[in-house]
Amino acid sequence: MKFIKLLLLLFVIQTQAQQGGMWIPSLLKGMNETEMKNLGMKISAEEIYSVNKSSMKDAVPQFDGGCTAEVISDKGLILTNHHCGFDAIQTHSTLEHDYLKDGFWAYKMEDELPNKDMDVMFVVKIEDVTTKILEGVAILTSEADKQKKIQENISTLSNSSPKESWQENKIRTFYDGNQYLLFVTETFKDIRFVGAPPSSIGKFGSDTDNWVWPRHTGDFSLFRIYADKNNRPAAYSSENVPYKPKHFFPISIAGLKENDFTMVLGYPGRTQEYLPSFAVDQIVNNLNPAKIEIRDAALKVQDGFMRKDPTIKIQYASKYAGVANYWKKWIGETKGLKKSNAIAIKQKFEKNFQEKVIKAGKQAEYGNLISDFEKNYSEIKEYALARDYFTEVALRNTEILSNGYRLYQLEQLLTSKGEQAFTDRKNNLTNGIEDFYKNYNADVDRNVFEQLINLYATKSPKQFLPSNLNSIDAKLVTKEVFETSKLTTLNGFKELLNGDSKTVIENINKDKGYQIIKAMADAYSKNVAPKYDELNLKNIGLQRTYMKAILELSPRSARIFPDANSTLRVTYGKIKGYKPNDAIIYEPFTYLDGIIEKYIPGDYEFDVPQKLIDLYNTKDYGKYAVKGKMPVCFIATNHTTGGNSGSPALDANGNLIGLNFDRVWEGTMSDIYYSPDICRNIMVDARYVLFIIDKFAGAKNIINELKIIQPAKKK
Ligand code: ARG
Ligand code: ASP
């Protein structure tokens, strides 16, 4: 009997451990350390985050605002994903030196390439400031006043909290406004490009394999942080020296197996794990399908052009990847939410929640939450849909419209802020626009425009449309716009901006392209935005109370994690395969053999460099192979999201074993509903990274900088 109880207990610990979660590094000790050790971690929470001593968090910066990187040498060398460095690699590329196609390796430090506007940000320390931020908020009644007071408190405290002159204070909310943490950060601005494999390795499988397991992508690139002579952040200068980090990760090639402990440190962007069922219903049945249809149309057009024209391929590679990425994610997410019955599970949770509220005698405070949510989400439905149509069609996917929108903002600025603001913005626009046109092709855009303006006019909620777009002949409008609009060329754009404010406003308003975006933007800001914002603000207030109630009414053991918010988090789990569908079982490791299986000579997604094929044929894997095979990627139960790309995957000792870059298709709904059965993060194996640097690129200079942990010698 005792034995069975013990087994049961073990089972509970085991399964609980797989429930996902992205945890706050400074709170691991109290919240997670025991569980992490039960799962196999051999180090202490203090080694991951410490205020006083150097710790792992000192080796994990946010990379260029949206990704994560890790320091892997005492000379400031950092590793991140190929897709995170993609823009930089593209910017350094021309048809003659195509680093996207051929890869790039700096064989000495002098060859490393500086990057305009790139930065990496480290967290120096984290402090709870909830009481200070919520001071004087409870007594206010309207949601808008509360938000205003909170914003005031945030800016007062960020300005007054002690920090060094080169540091910054950033305050972020957790649990939807129930907790506030202050982050002291340091941002380095001289970041140089050190190396990347060709896209046929770094982006192998491209969009077909994106979000998919089994995966064979060598999704990594290398950069180096430079600092001034005092080891502090500084703008680019040839005098700068490689940064000396407080901590860097040794890289382990000692071997991995299923069920090994792993953890991932990084900057997950946004999750919505505590949305009510009504919100999830809208995502699944309205919003995702609309966004998917719009992007589907845009992508088909771009893909057609890119396959035919190498110049367009370079121009659109990065834009296409960005749009395709979330398009595909939403498809997987929608499927996954349906298949896992997420809506029904949420409904059950809500029923349960109601009962708990009654039991706790908290009806006055929380009794109406669920019905308020229901009412509010049903009211916001059409507005949210119209908002997504406007955003996806005008701001995100049709370049002439998104570019025209900048001029729309300029016109607005003149009205709201006057001449000086107008002139400043105008000059900024004129100077900044060259990069945009470098990667612009009016033929591509014309075809996208025709498709998307048609979707907008026919599928977006009719009652909010501008009258002149209510029923249109898309072909005709497209012809008119693209045959006359000055927005289709750099010179035309500059011409439009030529002259004083009166001339500029007159000229842009004569432009057919501008007229369309202006009509759309006016209709949006008049018919949609005010009501949407009002209802959305209500939802924010409801969500905060709901979160507060969930925290209060859940047992302590439930350990509720805060949604991702682009701050540093720790997630942990085990290396594990999964069962995606009936009769299919996925193993957790892939090998170079799989690359050769997928190889399609000359294909733009599945080509393989000859050198890699040669290494495969001669099995020239050096010390990086396992039993004669070259590992490539692996999966685990770490709960990650967008922003975690480039995150270090660490073993039980805190050594680097891989680099996070994706999630599996069946589990992409993990941003809204995490299921331990099928949610997996995908990592590129550190052994493959080293093999490519060493054997493929022959960059011994880089290998020599690293601290590599070898397998223990057999006795
Ligand atoms: N899905 C991964 C993430 O969300 C990788 C994206 C880059 N790759 C691509 N083929 N678009 O960022
Ligand atoms: N690929 C994502 C990123 O770029 C990671 C993810 O969504 O799983 O951050």
# chains A, B, ... in the order shown; residues from 1 in each chain; ligands from 1

call {"tool": "residues_around", "arguments": {"residues": "Asp522 (chain A)", "least_positions_apart": "5", "cutoff": "12 Å", "atoms": "only C-alpha atoms", "output": "list in words"}}
result
Phe390, Tyr405, Tyr408, Gln409, Glu411, Gln412, Phe464, Leu465, Pro466, Ser467, Tyr514, Gln515, Ile516, Ile517, Asn527, Val528, Ala529 and Pro530 of chain A

call {"tool": "residues_around", "arguments": {"residues": "region 608-624 of chain A", "least_positions_apart": "5", "cutoff": "8 Å", "atoms": "only C-alpha atoms", "output": "list in words"}}
result
Ser200, Ile201, Phe204, Ile253, Leu592, Asp593, Ile595, Ile596, Tyr599, Ile600, Pro601, Lys629, Met630, Arg687, Tyr688, Leu690, Phe691, Lys695 and Phe696 of chain A

call {"tool": "write_last_selection", "arguments": {"atoms": "C-alpha atoms", "output": "compact mmCIF listing (two decimals), in the first residue's frame"}}
result
# COMPACT_ATOMS: atom_id res chain seq x y z
CA SER A 200 21.06 25.61 -47.24
CA ILE A 201 22.22 24.69 -43.72
CA PHE A 204 17.48 24.09 -44.44
CA ILE A 253 29.50 17.31 -26.42
CA LEU A 592 22.60 14.15 -40.76
CA ASP A 593 21.22 11.05 -42.49
CA ILE A 595 19.31 15.77 -44.35
CA ILE A 596 20.51 13.46 -47.06
CA TYR A 599 18.01 16.45 -50.17
CA ILE A 600 16.57 17.79 -53.46
CA PRO A 601 19.41 19.02 -55.72
CA LYS A 629 26.14 9.41 -36.69
CA MET A 630 26.01 13.21 -36.68
CA ARG A 687 27.43 19.17 -31.65
CA TYR A 688 26.06 20.00 -35.09
CA LEU A 690 30.47 22.83 -33.65
CA PHE A 691 30.76 20.33 -36.49
CA LYS A 695 34.61 20.65 -40.21
CA PHE A 696 32.41 22.48 -42.70

call {"tool": "closest_residue", "arguments": {"among": "A:Gly85, A:Pro289, A:Gly367, A:Gly332", "to": "Phe193 (chain A)", "atoms": "only C-alpha atoms"}}
result
A:Gly85

call {"tool": "residues_around", "arguments": {"residues": "region 536-547 of chain A", "least_positions_apart": "6", "cutoff": "7 Å", "atoms": "only C-alpha atoms", "output": "MDAnalysis selection string"}}
result
chainID A and resid 143 175:178 369

call {"tool": "write_last_selection", "arguments": {"atoms": "N, CA, C and O atoms", "output": "PDB file, in the first residue's frame"}}
result
ATOM      1  N   GLU A 143     -11.092  52.481 -15.400  1.00  0.00           N
ATOM      2  CA  GLU A 143      -9.932  51.715 -15.863  1.00  0.00           C
ATOM      3  C   GLU A 143      -8.894  52.667 -16.473  1.00  0.00           C
ATOM      4  O   GLU A 143      -7.690  52.505 -16.266  1.00  0.00           O
ATOM      5  N   TYR A 175       1.506  38.842 -14.551  1.00  0.00           N
ATOM      6  CA  TYR A 175       0.146  38.460 -14.156  1.00  0.00           C
ATOM      7  C   TYR A 175      -0.846  39.590 -14.480  1.00  0.00           C
ATOM      8  O   TYR A 175      -1.654  39.973 -13.630  1.00  0.00           O
ATOM      9  N   ASP A 176      -0.761  40.116 -15.661  1.00  0.00           N
ATOM     10  CA  ASP A 176      -1.736  41.111 -16.147  1.00  0.00           C
ATOM     11  C   ASP A 176      -1.973  42.275 -15.209  1.00  0.00           C
ATOM     12  O   ASP A 176      -3.109  42.690 -15.000  1.00  0.00           O
ATOM     13  N   GLY A 177      -0.924  42.799 -14.616  1.00  0.00           N
ATOM     14  CA  GLY A 177      -1.090  43.984 -13.771  1.00  0.00           C
ATOM     15  C   GLY A 177      -1.172  43.663 -12.289  1.00  0.00           C
ATOM     16  O   GLY A 177      -1.466  44.540 -11.485  1.00  0.00           O
ATOM     17  N   ASN A 178      -0.908  42.417 -11.914  1.00  0.00           N
ATOM     18  CA  ASN A 178      -0.928  42.070 -10.491  1.00  0.00           C
ATOM     19  C   ASN A 178       0.454  42.075  -9.852  1.00  0.00           C
ATOM     20  O   ASN A 178       0.594  42.006  -8.643  1.00  0.00           O
ATOM     21  N   LEU A 369     -17.369  38.036 -13.254  1.00  0.00           N
ATOM     22  CA  LEU A 369     -16.252  38.083 -14.207  1.00  0.00           C
ATOM     23  C   LEU A 369     -16.542  37.341 -15.503  1.00  0.00           C
ATOM     24  O   LEU A 369     -16.385  37.895 -16.594  1.00  0.00           O
TER      25      LEU A 369
END

call {"tool": "residues_around", "arguments": {"residues": "Asn507 (chain A)", "least_positions_apart": "3", "cutoff": "12 Å", "atoms": "only C-alpha atoms", "output": "ChimeraX atom specification"}}
result
/A:407,411,485-487,492-504,510-515

call {"tool": "residues_near_ligand", "arguments": {"ligand": "ligand 1", "cutoff": "7 Å", "atoms": "only C-alpha atoms and all ligand atoms", "output": "list in words"}}
result
His83, Lys203, Ser206, Asp207, Asn210, Trp211, Ala321, Gly322, Ala324, Asn325, Gly642, Ser645, Phe661, Asp662 and Arg663 of chain A

call {"tool": "write_last_selection", "arguments": {"atoms": "C-alpha atoms", "output": "short mmCIF file (atom, residue, chain, number, x, y, z; two decimals), in the first residue's frame"}}
result
data_model
loop_
_atom_site.label_atom_id
_atom_site.label_comp_id
_atom_site.auth_asym_id
_atom_site.auth_seq_id
_atom_site.Cartn_x
_atom_site.Cartn_y
_atom_site.Cartn_z
CA HIS A 83 16.90 33.47 -38.59
CA LYS A 203 17.56 27.67 -43.15
CA SER A 206 12.90 26.76 -45.10
CA ASP A 207 9.18 27.37 -44.93
CA ASN A 210 9.26 25.62 -40.49
CA TRP A 211 7.31 24.69 -37.31
CA ALA A 321 10.04 34.63 -43.99
CA GLY A 322 8.51 37.00 -41.45
CA ALA A 324 5.12 33.15 -43.65
CA ASN A 325 6.24 32.38 -40.14
CA GLY A 642 8.50 33.60 -30.10
CA SER A 645 14.71 31.83 -30.62
CA PHE A 661 14.76 27.85 -32.56
CA ASP A 662 11.24 26.54 -33.01
CA ARG A 663 8.31 24.47 -31.79
#

call {"tool": "residues_around", "arguments": {"residues": "Pro197 (chain A)", "least_positions_apart": "3", "cutoff": "7 Å", "atoms": "only C-alpha atoms", "output": "ChimeraX atom specification"}}
result
/A:103-104,201-202

call {"tool": "residues_near_ligand", "arguments": {"ligand": "ligand 2", "cutoff": "9 Å", "atoms": "only C-alpha atoms and all ligand atoms", "output": "PyMOL selection string"}}
result
chain A and resi 66-68+81+83-84+210-211+267-269+325-326+329+639-647+660-664+668+671+680-682

call {"tool": "write_last_selection", "arguments": {"atoms": "C-alpha atoms", "output": "short mmCIF file (atom, residue, chain, number, x, y, z; two decimals), in the first residue's frame"}}
result
data_model
loop_
_atom_site.label_atom_id
_atom_site.label_comp_id
_atom_site.auth_asym_id
_atom_site.auth_seq_id
_atom_site.Cartn_x
_atom_site.Cartn_y
_atom_site.Cartn_z
CA GLY A 66 13.26 40.13 -30.59
CA CYS A 67 15.47 37.08 -30.07
CA THR A 68 17.80 35.63 -27.47
CA ASN A 81 19.78 31.65 -34.60
CA HIS A 83 16.90 33.47 -38.59
CA CYS A 84 17.66 36.00 -35.85
CA ASN A 210 9.26 25.62 -40.49
CA TRP A 211 7.31 24.69 -37.31
CA TYR A 267 13.15 36.25 -23.62
CA PRO A 268 9.77 34.74 -24.57
CA GLY A 269 7.65 37.48 -26.17
CA ASN A 325 6.24 32.38 -40.14
CA TYR A 326 3.12 33.56 -38.35
CA LYS A 329 1.95 29.28 -36.90
CA HIS A 639 7.68 25.74 -22.74
CA THR A 640 8.91 28.38 -25.19
CA THR A 641 7.49 30.97 -27.55
CA GLY A 642 8.50 33.60 -30.10
CA GLY A 643 11.46 35.49 -28.69
CA ASN A 644 12.97 32.31 -27.32
CA SER A 645 14.71 31.83 -30.62
CA GLY A 646 18.42 31.68 -30.07
CA SER A 647 17.95 30.74 -26.42
CA ASN A 660 16.35 26.78 -29.27
CA PHE A 661 14.76 27.85 -32.56
CA ASP A 662 11.24 26.54 -33.01
CA ARG A 663 8.31 24.47 -31.79
CA VAL A 664 6.57 21.46 -33.29
CA THR A 668 2.11 25.66 -31.65
CA ASP A 671 0.91 30.24 -26.52
CA ARG A 680 7.76 20.48 -27.74
CA ASN A 681 10.49 23.02 -28.38
CA ILE A 682 12.98 22.34 -31.16
#

call {"tool": "closest_residue", "arguments": {"among": "A:Gly136, A:Glu127, A:Phe305, A:Gln710", "to": "Asn655 (chain A)", "atoms": "only C-alpha atoms"}}
result
A:Gln710

call {"tool": "select_by_dssp", "arguments": {"residues": "region 106-349 of chain A", "states": "strand (DSSP E or B)", "output": "count of residues only"}}
result
53

call {"tool": "select_by_dssp", "arguments": {"residues": "region 31-233 of chain A", "states": "alpha helix (DSSP H)", "output": "VMD selection string"}}
result
chain A and resid 31 33 to 38 45 to 48 82 to 91 99 to 102 130 to 133 143 to 160 199 to 202 206 to 209

call {"tool": "atom_distance", "arguments": {"atom1": "CA of Lys308 (chain A)", "atom2": "CA of Phe220 (chain A)"}}
result
27.5 Å
